[in-house]
Every structure is written in C-alpha cells, then in structure tokens.
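Notes for the one structure printed next.
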Amino acid sequence: MAGDLDTAAADQVRADDRAHVFHSWSAQAHVDAIPIAGGSGSYFWDYEGKRYLDFSSQLVNLNIGHGHPKVVQAIQEQAARLATIAPALGSDVRGEAARMIAERAPGDLDRVFFTNGGADANEHAIRMARLQTGRPTVLSAYRSYHGATGGAIALTGDPRRWANESTGQSVAHFFGPYAYRSAFHSDSEEQESERALQHLRDVVQLQGPDTIAAIIQESVVGTNGILVPPPGYLQGVRELCDEYGILLIADEVMAGFGRCGEWFAIQHWDVVPDLITFAKGVNSGYVPLGGVILGPRTYERFADRPYPGGLTYSGHPLGCAAAVASMKAFEDEGILDNVRKLGETVVEPRLQQLKDKHASVGEVRGLGMFWAIELVKDRQTREPLVPFNASGEAAAPMGAFAAACKKEGLWPFTHMNRTHVVPPCTISEDELTAGLDIIDAALDVADQHT
Ligand code: PLP
C-alpha cells in the first residue's frame with residue numbers, strides 16, 4: 001500500500017541491486033536506486049513511506065498510468081489462458097492488437113511486425129527499408145535517439161552514439177529544425193523550416209540520392225528536447241523522400257500512442273510515412289512490446305520472398321493483450337481528449353507563466369503531455385544551465401533542481417539542461433497543477449545559478 005513502511009524489504013532490494021544488478025547507462029559504483037514498492041495512477045511509492053507524483057511516466061512509456069485495472073486484468077487472464085506462443089502460430093490477441101493498431105495508423109499502413117521494444121523496431125524498419133529499396137544508407141537527425149542496439153545506436157544522433165564503437169552501419173546525420181538553437185541562424189519558425197529542408201536536400205544530394213534507403217525522423221523529437229517540427233517541415237521531408245524514392249520512417253516510440261493527443265504524433269501534420277516504429281505507450285510497458293507498421297509497398301517486397309528477420313517473442317500474447325486492453329481503455333475513458341485538453345488549458349499556460357517568472361527558463365515548448373522546459377544560465381546568450389560531462393549526464397545545478405522536486409514528492413524527467421513535463425496521459429487536472437507547483441518552487445533553485 002502507498003506509503004507503508006517496510007525498511008527490511010527496502011534493505012533487501014538495495015542489497016540485491018547493489019550486489020547483482022548491472023544498470024543501464026551508469027557508472028555502476030554510483031548507482032543508488034530507490035527501492036520502489038508499488039504504483040497506482042499518477043503515483044508510485046517506495047518502501048519507506050515516500051510517494052512520488054510521476055512526472056516522467058518512467059521513461060515516457062507509462063501513458064496509461066500505473067496499475068490500470070483493465071490492463072492488469074487482461075494480462076492476468078491471458079497469462080492463465082496462453083502465456084506464450086511462437087510467432088509462426090496464430091494468436092487471437094496478436095491479430096486483434098495488429099488490427100487495432102492498423103485501424104488507428106495513418107494512410108494505408110495496415111500491417112504490424114511486432115518486436116520487443118523500440119530499438120529493435122528501428123532495426124527492423126531500416127532492414128525493411130534497405131531490402132525494399134536495395135540502397136544502403138539511412139539518414140538520421142542529430143539530436144535524435146533511436147535506441148541502444150547496434151543499428152539503432154548508429155542512427156542515434158546524440159552523445160550516446162559516440163560512446164559506442166562503430167557499428168559498420170551506413171548512416172549519415174543531418175540537422176533537424178530547432179529554432180531556439182538554430183543551426184541555420186533562423187529567426188522564425190518558418191525560416192527554420194525552410195532552411196532545415198534546404199540543408200536536408202543538400203545532404204541527400206551530396207550523399208547521393210540513389211544510395212539512400214530511408215530518412216528516419218522522430219515525429220516530435222523526444223529525449224533530445226521535445227522539438228516540435230515547425231510548420232511545413234514534415235510535409236517537406238515527405239516531398240523530398242517522394243522525389244528521390246527514399247522511404248520515410250517515423251519513429252513514434254516516444255511520441256506515439258496518445259502522448260501528443262493523437263494515436264500517432266505525425267497525424268498532427270497529416271503526413272503519411274512509409275513505416276512507423278512504436279513501443280512504450282502501445283501498452284505502457286506493462287509487458288515489453290514494440291513494432292513496425294508498414295503498408296502495401298513494403299509488404300509487396302516480401303509477399304513471395306521471405307523476410308529475413310524474426311524474434312522469439314514477436315507479438316507476445318501478454319504484450320498484445322495489454323496493448324488491446326490499453327487501446328480500448330484510451331477510447332472508453334477519453335484519454336486522448338484528456339491529453340489535448342489539459343495540454344492546452346493547464347500545461348501550456350502554466351509553463352508560459354514559469355518562463356515569465358524564472359530567469360533560468362530559456363524556452364518552453366511541446367504539445368499534449370509532451371513538454372520541455374529548457375534551462376539557461378543567461379537568457380540573452382542562451383548558454384545552457386549546466387556544463388555536461390562527456391556522457392551527457394547533468395551535473396549540478398540540474399541535480400539540485402531534480403533533488404528539490406523529489407524532496408517535495410515529484411519524480412521529474414531531467415536530461416541535460418532540460419526538465420520534461422511528461423506525466424501519464426491519464427493525469428487529472430489537480431495532480432497536474434500540484435506537480436507544476438512543485439516545479440515552480442524547484443525553479444527557484446535553478447534561478448540561483450543564472
Ligand atoms: N526511439 C525513441 C524515439 C525513443 O525515445 C526510444 C527510447 O527512449 C527508443 C527508440 C528505444 O526504445 P527501447 O528503449 O524500447 O529500445
């Protein structure tokens with residue numbers, strides 16, 4: 001139960017964790033994971049009486065909140081009936097999940113190749129694109145994250161890529177639009193869109209259009225700063241792809257499944273990609289699941305030739321049962337509407353107020369339940385609030401800001417010089433306001449470093 005004290009359990013979790021768990025992205029000796037006992041809705045809690053309002057949705061995957069009863073029940077019932085089945089055999093929940101995803105996907109995308117998560121979804125999307133086009137290279141944006149497996153980390157265009165050895169993948173990077181820190185010295189969103197498109201065209205031409213299989217693009221860039229594409233940008237990328245026979249892969253692993261107030265974020269711009277990759281919000285990570293959504297043109301390439309790829313757990317029944325239950329709950333409970341309404345009426349105006357009030361806030365941006373507050377030392381120069389170390393980890397004062405949030409019972413998502421406001425899509429107005437109040441107070445700490 002929330003807030004119950006069980007220090008013996010906490011000690012055991014800590015001891016096992018320290019002795020035997022090797023953690024992601026961490027210097028192992030410095031990991032001090034808080035033992036977590038449970039979660040419900042927008043909250044999770046530890047064994048030592050502390051409850052946190054989850055403003056991170058864990059790794060921005062918990063779109064439906066903790067412990068949603070219908071999703072839990074669907075997993076339990078499926079586990080009792082048929083816990084696992086090989087991909088070559090038919091499964092009712094796999095078919096139902098694929099049909100529901102296809103019905104919600106844009107354009108003619110009507111088939112799903114299931115994976116275990118986001119990185120392997122991107123691996124398969126680029127493999128499909130290379131096989132479909134017969135071309136080797138994939139273009140990907142700097143300031144992108146596409147996952148931590150060999151091909152996906154090669155696509156990734158942030159410092160996490162450089163810490164990994166060369167993967168031998170043919171990938172070239174380009175600058176996407178980011179008006180606040182424009183690589184093109186633009187002074188408006190429109191100009192940023194035009195110049196970023198011209199730059200991408202130059203990269204395509206210099207790279208050799210006939211060698212490019214695909215451009216992969218997060219529909220709204222996630223961990224690299226919640227960068228919402230400016231007007232015309234995604235349409236322009238689509239046109240460029242069409243001109244040169246390049247496939248457009250929309251990475252919706254973080255932005256999809258309701259996070260931006262639509263099933264897929266790209267639906268905000270009426271652009272139909274050739275392939276969509278998804279994971280996280282499809283079932284909120286209650287059971288690992290991801291996938292690639294593809295249309296007839298990709299499907300045709302493999303109609304009479306085997307697709308050379310597969311996974312033991314592709315379309316895992318528990319993951320698919322959770323996805324079906326989650327998509328139904330999203331509709332029955334009006335969760336997309338909640339995201340749109342609270343994003344516009346609560347988050348956006350409050351973040352604008354925070355920007356007016358706090359010297360450390362350089363820019364706020366986002367949509368739906370997908371927002372960033374970018375912190376700076378100086379608003380004129382836009383110098384980021386923290387010097388980062390080589391692996392991109394935030395040092396103080398971002399650490400002090402995060403600690404101030406946690407002390408007051410809010411679990412923030414902080415990355416480099418930003419904090420992201422990414423709570424569950426099911427959050428209530430009161431919870432949202434309470435969390436934003438805590439962020440407001442914690443920004444006083446950040447202000448001291450300007
Ligand atoms: N693509 C995007 C946009 C992501 O944000 C992530 C994870 O954060 C991934 C891919 C990788 O997903 P996973 O961690 O499930 O492999």
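Identifiers in the structure tokens: chain A, B, ... in order shown; residue index from 1 per chain; ligand index from 1 in order shown.
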
**Prompt:** Got a sec to check which residues lie within 7 Å of ligand 1, using only C-alpha atoms and all ligand atoms, and send them as a ChimeraX atom specification?
**Reply:** /A:59,117-120,122,145-148,218,221-223,251-254,279-280

**Request:** Quick one: pick out all strand (DSSP E) residues within range 99-146 of chain A from a backbone DSSP run and write them as a ChimeraX atom specification.
**Result:** /A:111-115,137-141

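Compared by their closest atoms to Gly225 in chain A, and using only C-alpha atoms, the residues A:Ile373, A:Val324, A:Cys425, A:Ile249 rank with A:Ile373 nearest.
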
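Each of A:Glu77, A:Glu431, A:Asp187, A:Asp444 was compared to Asp54 in chain A using only C-alpha atoms, and A:Glu431 turns out to be the nearest.
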
**alpha helix (DSSP H) per DSSP on the backbone: members of range 184-373 of chain A, as a count of residues only** = 71

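Taking CA of Pro424 in chain A as the reference point, CA of Val60 in chain A is found at 8.1 Å.
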
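Candidate residues A:Phe175, A:Phe330, A:Trp269, A:Tyr47 were compared for distance to Thr426 in chain A, and the nearest is A:Phe330, using only C-alpha atoms.
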
Contacts of Phe114 in chain A at 12 Å or less, counting only C-alpha atoms, minus same-chain residues fewer than 3 places along, as a PDB file with N, CA and C atoms, in the first residue's frame?
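File out_37.pdb, as written:
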```pdb
ATOM      1  N   PRO A  87       5.829 -17.159 -32.893  1.00  0.00           N
ATOM      2  CA  PRO A  87       5.279 -16.212 -33.874  1.00  0.00           C
ATOM      3  C   PRO A  87       4.624 -16.872 -35.087  1.00  0.00           C
ATOM      4  N   ARG A  94      -2.714 -11.333 -30.766  1.00  0.00           N
ATOM      5  CA  ARG A  94      -1.748 -10.710 -31.682  1.00  0.00           C
ATOM      6  C   ARG A  94      -2.497 -10.105 -32.871  1.00  0.00           C
ATOM      7  N   GLY A  95      -3.441 -10.891 -33.404  1.00  0.00           N
ATOM      8  CA  GLY A  95      -4.224 -10.406 -34.544  1.00  0.00           C
ATOM      9  C   GLY A  95      -5.060  -9.190 -34.165  1.00  0.00           C
ATOM     10  N   ALA A  97      -4.536  -7.044 -31.707  1.00  0.00           N
ATOM     11  CA  ALA A  97      -3.667  -5.877 -31.478  1.00  0.00           C
ATOM     12  C   ALA A  97      -3.222  -5.289 -32.815  1.00  0.00           C
ATOM     13  N   ALA A  98      -2.826  -6.160 -33.757  1.00  0.00           N
ATOM     14  CA  ALA A  98      -2.370  -5.670 -35.069  1.00  0.00           C
ATOM     15  C   ALA A  98      -3.502  -4.935 -35.786  1.00  0.00           C
ATOM     16  N   ILE A 101      -4.131  -1.544 -34.117  1.00  0.00           N
ATOM     17  CA  ILE A 101      -3.053  -0.588 -34.429  1.00  0.00           C
ATOM     18  C   ILE A 101      -3.207  -0.100 -35.870  1.00  0.00           C
ATOM     19  N   ARG A 111      -0.256  -3.229 -41.674  1.00  0.00           N
ATOM     20  CA  ARG A 111       0.315  -4.470 -41.141  1.00  0.00           C
ATOM     21  C   ARG A 111       1.320  -4.163 -40.060  1.00  0.00           C
ATOM     22  N   GLY A 117      10.595  -4.088 -28.297  1.00  0.00           N
ATOM     23  CA  GLY A 117      10.732  -2.714 -27.822  1.00  0.00           C
ATOM     24  C   GLY A 117      11.046  -1.788 -28.983  1.00  0.00           C
ATOM     25  N   GLY A 118      11.525  -0.576 -28.650  1.00  0.00           N
ATOM     26  CA  GLY A 118      11.712   0.451 -29.661  1.00  0.00           C
ATOM     27  C   GLY A 118      12.960   0.276 -30.509  1.00  0.00           C
ATOM     28  N   ALA A 119      14.082  -0.094 -29.880  1.00  0.00           N
ATOM     29  CA  ALA A 119      15.332  -0.199 -30.641  1.00  0.00           C
ATOM     30  C   ALA A 119      15.209  -1.271 -31.715  1.00  0.00           C
ATOM     31  N   ASP A 120      14.683  -2.422 -31.340  1.00  0.00           N
ATOM     32  CA  ASP A 120      14.576  -3.493 -32.347  1.00  0.00           C
ATOM     33  C   ASP A 120      13.503  -3.174 -33.387  1.00  0.00           C
ATOM     34  N   ALA A 121      12.525  -2.348 -33.034  1.00  0.00           N
ATOM     35  CA  ALA A 121      11.572  -1.888 -34.060  1.00  0.00           C
ATOM     36  C   ALA A 121      12.331  -1.085 -35.116  1.00  0.00           C
ATOM     37  N   ASN A 122      13.238  -0.207 -34.646  1.00  0.00           N
ATOM     38  CA  ASN A 122      14.012   0.585 -35.615  1.00  0.00           C
ATOM     39  C   ASN A 122      14.975  -0.289 -36.419  1.00  0.00           C
ATOM     40  N   GLU A 123      15.558  -1.294 -35.770  1.00  0.00           N
ATOM     41  CA  GLU A 123      16.434  -2.227 -36.511  1.00  0.00           C
ATOM     42  C   GLU A 123      15.662  -2.840 -37.685  1.00  0.00           C
ATOM     43  N   HIS A 124      14.455  -3.291 -37.398  1.00  0.00           N
ATOM     44  CA  HIS A 124      13.695  -3.969 -38.456  1.00  0.00           C
ATOM     45  C   HIS A 124      13.188  -2.978 -39.499  1.00  0.00           C
ATOM     46  N   ALA A 125      12.826  -1.782 -39.069  1.00  0.00           N
ATOM     47  CA  ALA A 125      12.357  -0.782 -40.048  1.00  0.00           C
ATOM     48  C   ALA A 125      13.470  -0.459 -41.044  1.00  0.00           C
ATOM     49  N   ILE A 276       6.168   3.152 -39.647  1.00  0.00           N
ATOM     50  CA  ILE A 276       6.130   3.771 -38.308  1.00  0.00           C
ATOM     51  C   ILE A 276       6.709   2.757 -37.333  1.00  0.00           C
ATOM     52  N   THR A 277       7.581   3.228 -36.448  1.00  0.00           N
ATOM     53  CA  THR A 277       8.026   2.349 -35.372  1.00  0.00           C
ATOM     54  C   THR A 277       7.393   2.820 -34.067  1.00  0.00           C
ATOM     55  N   PHE A 278       7.046   1.857 -33.208  1.00  0.00           N
ATOM     56  CA  PHE A 278       6.366   2.185 -31.951  1.00  0.00           C
ATOM     57  C   PHE A 278       6.843   1.231 -30.860  1.00  0.00           C
ATOM     58  N   ALA A 279       6.571   1.581 -29.625  1.00  0.00           N
ATOM     59  CA  ALA A 279       6.818   0.698 -28.460  1.00  0.00           C
ATOM     60  C   ALA A 279       6.121   1.364 -27.267  1.00  0.00           C
ATOM     61  N   VAL A 282       2.291   1.855 -26.428  1.00  0.00           N
ATOM     62  CA  VAL A 282       1.344   0.900 -27.020  1.00  0.00           C
ATOM     63  C   VAL A 282       0.644   0.099 -25.932  1.00  0.00           C
ATOM     64  N   PRO A 288       6.907  -5.821 -22.212  1.00  0.00           N
ATOM     65  CA  PRO A 288       7.641  -5.228 -23.340  1.00  0.00           C
ATOM     66  C   PRO A 288       7.010  -5.567 -24.699  1.00  0.00           C
ATOM     67  N   LEU A 289       6.810  -4.532 -25.507  1.00  0.00           N
ATOM     68  CA  LEU A 289       6.236  -4.728 -26.841  1.00  0.00           C
ATOM     69  C   LEU A 289       6.591  -3.521 -27.713  1.00  0.00           C
ATOM     70  N   GLY A 290       6.939  -3.783 -28.940  1.00  0.00           N
ATOM     71  CA  GLY A 290       7.160  -2.712 -29.908  1.00  0.00           C
ATOM     72  C   GLY A 290       6.792  -3.244 -31.277  1.00  0.00           C
ATOM     73  N   GLY A 291       7.090  -2.454 -32.307  1.00  0.00           N
ATOM     74  CA  GLY A 291       6.799  -2.964 -33.639  1.00  0.00           C
ATOM     75  C   GLY A 291       7.010  -1.953 -34.741  1.00  0.00           C
ATOM     76  N   VAL A 292       6.819  -2.462 -35.959  1.00  0.00           N
ATOM     77  CA  VAL A 292       6.898  -1.639 -37.176  1.00  0.00           C
ATOM     78  C   VAL A 292       5.542  -1.750 -37.861  1.00  0.00           C
ATOM     79  N   ILE A 293       4.978  -0.602 -38.239  1.00  0.00           N
ATOM     80  CA  ILE A 293       3.732  -0.624 -39.013  1.00  0.00           C
ATOM     81  C   ILE A 293       4.117  -0.311 -40.457  1.00  0.00           C
ATOM     82  N   LEU A 294       3.657  -1.131 -41.374  1.00  0.00           N
ATOM     83  CA  LEU A 294       4.055  -0.967 -42.777  1.00  0.00           C
ATOM     84  C   LEU A 294       2.847  -1.070 -43.686  1.00  0.00           C
ATOM     85  N   GLY A 309      14.186 -12.001 -40.977  1.00  0.00           N
ATOM     86  CA  GLY A 309      14.274 -11.470 -39.620  1.00  0.00           C
ATOM     87  C   GLY A 309      13.109 -11.948 -38.781  1.00  0.00           C
ATOM     88  N   GLY A 310      13.343 -12.136 -37.488  1.00  0.00           N
ATOM     89  CA  GLY A 310      12.262 -12.547 -36.594  1.00  0.00           C
ATOM     90  C   GLY A 310      12.752 -12.593 -35.167  1.00  0.00           C
ATOM     91  N   LEU A 311      11.812 -12.685 -34.236  1.00  0.00           N
ATOM     92  CA  LEU A 311      12.136 -12.663 -32.805  1.00  0.00           C
ATOM     93  C   LEU A 311      11.280 -13.712 -32.097  1.00  0.00           C
ATOM     94  N   THR A 312      11.864 -14.414 -31.146  1.00  0.00           N
ATOM     95  CA  THR A 312      11.116 -15.453 -30.427  1.00  0.00           C
ATOM     96  C   THR A 312       9.812 -14.906 -29.844  1.00  0.00           C
ATOM     97  N   TYR A 313       9.888 -13.673 -29.327  1.00  0.00           N
ATOM     98  CA  TYR A 313       8.710 -13.139 -28.621  1.00  0.00           C
ATOM     99  C   TYR A 313       7.893 -12.162 -29.467  1.00  0.00           C
ATOM    100  N   SER A 314       8.074 -12.215 -30.794  1.00  0.00           N
ATOM    101  CA  SER A 314       7.328 -11.290 -31.659  1.00  0.00           C
ATOM    102  C   SER A 314       5.827 -11.470 -31.456  1.00  0.00           C
ATOM    103  N   GLY A 315       5.160 -10.403 -31.055  1.00  0.00           N
ATOM    104  CA  GLY A 315       3.718 -10.485 -30.822  1.00  0.00           C
ATOM    105  C   GLY A 315       3.390 -11.298 -29.592  1.00  0.00           C
ATOM    106  N   HIS A 316       4.195 -11.132 -28.549  1.00  0.00           N
ATOM    107  CA  HIS A 316       3.989 -11.909 -27.315  1.00  0.00           C
ATOM    108  C   HIS A 316       2.562 -11.731 -26.799  1.00  0.00           C
ATOM    109  N   PRO A 317       1.883 -12.852 -26.475  1.00  0.00           N
ATOM    110  CA  PRO A 317       0.469 -12.744 -26.084  1.00  0.00           C
ATOM    111  C   PRO A 317       0.221 -11.795 -24.906  1.00  0.00           C
ATOM    112  N   GLY A 319       2.017  -9.138 -24.036  1.00  0.00           N
ATOM    113  CA  GLY A 319       2.203  -7.763 -24.524  1.00  0.00           C
ATOM    114  C   GLY A 319       1.018  -7.330 -25.376  1.00  0.00           C
ATOM    115  N   CYS A 320       0.552  -8.238 -26.233  1.00  0.00           N
ATOM    116  CA  CYS A 320      -0.569  -7.890 -27.125  1.00  0.00           C
ATOM    117  C   CYS A 320      -1.872  -7.747 -26.347  1.00  0.00           C
ATOM    118  N   ALA A 323      -1.797  -4.472 -24.884  1.00  0.00           N
ATOM    119  CA  ALA A 323      -1.983  -3.413 -25.894  1.00  0.00           C
ATOM    120  C   ALA A 323      -3.463  -3.261 -26.242  1.00  0.00           C
TER     121      ALA A 323
END
```

**Request:** Compile the contact shell of Leu385 in chain A as number ranges by chain: residues with an atom at most 6 Å away, counting only C-alpha atoms, same-chain residues fewer than 4 positions apart removed.
**Result:** A: 375-377, 417

Based on the selection just made, write C-alpha atoms of those residues as a short mmCIF file (atom, residue, chain, number, x, y, z; two decimals), in the first residue's frame.
```
data_model
loop_
_atom_site.label_atom_id
_atom_site.label_comp_id
_atom_site.auth_asym_id
_atom_site.auth_seq_id
_atom_site.Cartn_x
_atom_site.Cartn_y
_atom_site.Cartn_z
CA LEU A 375 17.06 25.95 -18.55
CA VAL A 376 19.75 28.54 -19.28
CA LYS A 377 22.36 30.49 -17.35
CA ASN A 417 19.74 21.25 -19.28
#
```

**Prompt:** Which residues, written as an MDAnalysis selection string, have at least one atom at most 8 Å from Phe264 in chain A, with only C-alpha atoms counted and residues fewer than 5 positions away on the same chain left out?
**Reply:** chainID A and resid 105:106 252 255:258

Keeping only N, CA and C atoms, write those residues as a short mmCIF file (atom, residue, chain, number, x, y, z; two decimals), in the first residue's frame.
```
data_model
loop_
_atom_site.label_atom_id
_atom_site.label_comp_id
_atom_site.auth_asym_id
_atom_site.auth_seq_id
_atom_site.Cartn_x
_atom_site.Cartn_y
_atom_site.Cartn_z
N ALA A 105 -3.66 3.73 -37.44
CA ALA A 105 -2.47 4.27 -38.13
C ALA A 105 -2.90 5.11 -39.33
N PRO A 106 -2.07 6.08 -39.74
CA PRO A 106 -2.43 6.93 -40.88
C PRO A 106 -2.31 6.20 -42.22
N GLU A 252 7.94 6.70 -33.72
CA GLU A 252 6.90 7.17 -32.79
C GLU A 252 7.00 6.42 -31.47
N ALA A 255 6.73 9.42 -28.98
CA ALA A 255 5.69 10.43 -29.25
C ALA A 255 4.32 9.81 -29.54
N GLY A 256 4.30 8.50 -29.82
CA GLY A 256 3.06 7.86 -30.26
C GLY A 256 2.15 7.41 -29.13
N PHE A 257 1.05 6.81 -29.54
CA PHE A 257 0.07 6.21 -28.62
C PHE A 257 -0.41 7.18 -27.55
N GLY A 258 -0.83 8.36 -28.03
CA GLY A 258 -1.56 9.29 -27.17
C GLY A 258 -0.74 10.37 -26.53
#
```

Within 8 Å of His199 in chain A, counting only C-alpha atoms, which residues show up once you throw out same-chain ones fewer than 3 positions away? Write them as a compact mmCIF listing (two decimals) with N, CA and C atoms, in the first residue's frame, please.
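The file below, around_27.txt, is the result:
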```txt
# COMPACT_ATOMS: atom_id res chain seq x y z
N PHE A 174 22.03 14.59 -40.16
CA PHE A 174 21.72 15.96 -40.61
C PHE A 174 21.16 16.74 -39.42
N PHE A 175 21.10 18.06 -39.56
CA PHE A 175 20.50 18.90 -38.53
C PHE A 175 19.01 19.05 -38.81
N ARG A 195 14.94 26.46 -44.04
CA ARG A 195 16.39 26.26 -44.08
C ARG A 195 16.77 24.82 -43.72
N ALA A 196 16.05 24.24 -42.77
CA ALA A 196 16.33 22.85 -42.40
C ALA A 196 16.03 21.93 -43.60
N ASP A 202 20.42 19.27 -49.38
CA ASP A 202 21.87 19.28 -49.68
C ASP A 202 22.51 17.97 -49.23
N VAL A 203 22.15 17.52 -48.03
CA VAL A 203 22.73 16.27 -47.51
C VAL A 203 22.35 15.11 -48.44
```

Quick one: residues within 7 Å of Ser193 in chain A, only C-alpha atoms counted, chain neighbours fewer than 5 positions away excluded, as a short mmCIF file (atom, residue, chain, number, x, y, z; two decimals) with N, CA and C atoms, in the first residue's frame?
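That gives us out.cif:
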```
data_model
loop_
_atom_site.label_atom_id
_atom_site.label_comp_id
_atom_site.auth_asym_id
_atom_site.auth_seq_id
_atom_site.Cartn_x
_atom_site.Cartn_y
_atom_site.Cartn_z
N PRO A 177 15.22 20.75 -37.53
CA PRO A 177 14.85 22.09 -37.07
C PRO A 177 14.86 22.19 -35.54
N PRO A 230 8.49 22.51 -37.01
CA PRO A 230 7.81 23.76 -37.41
C PRO A 230 6.91 23.51 -38.61
N PRO A 231 6.00 24.48 -38.88
CA PRO A 231 5.04 24.29 -39.98
C PRO A 231 5.75 23.94 -41.28
N GLY A 232 5.23 22.93 -41.96
CA GLY A 232 5.74 22.58 -43.29
C GLY A 232 6.93 21.63 -43.30
N TYR A 233 7.55 21.42 -42.12
CA TYR A 233 8.79 20.64 -42.15
C TYR A 233 8.53 19.18 -42.52
#
```

**Asked** Quick one, how far is CA of Gly261 in chain A from CA of Pro384 in chain A?
**Response** 29.3 Å

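Closest to Ala9 in chain A among A:Ala86, A:Val228, A:Val361, A:Ala37 is A:Ala37, based on only C-alpha atoms.
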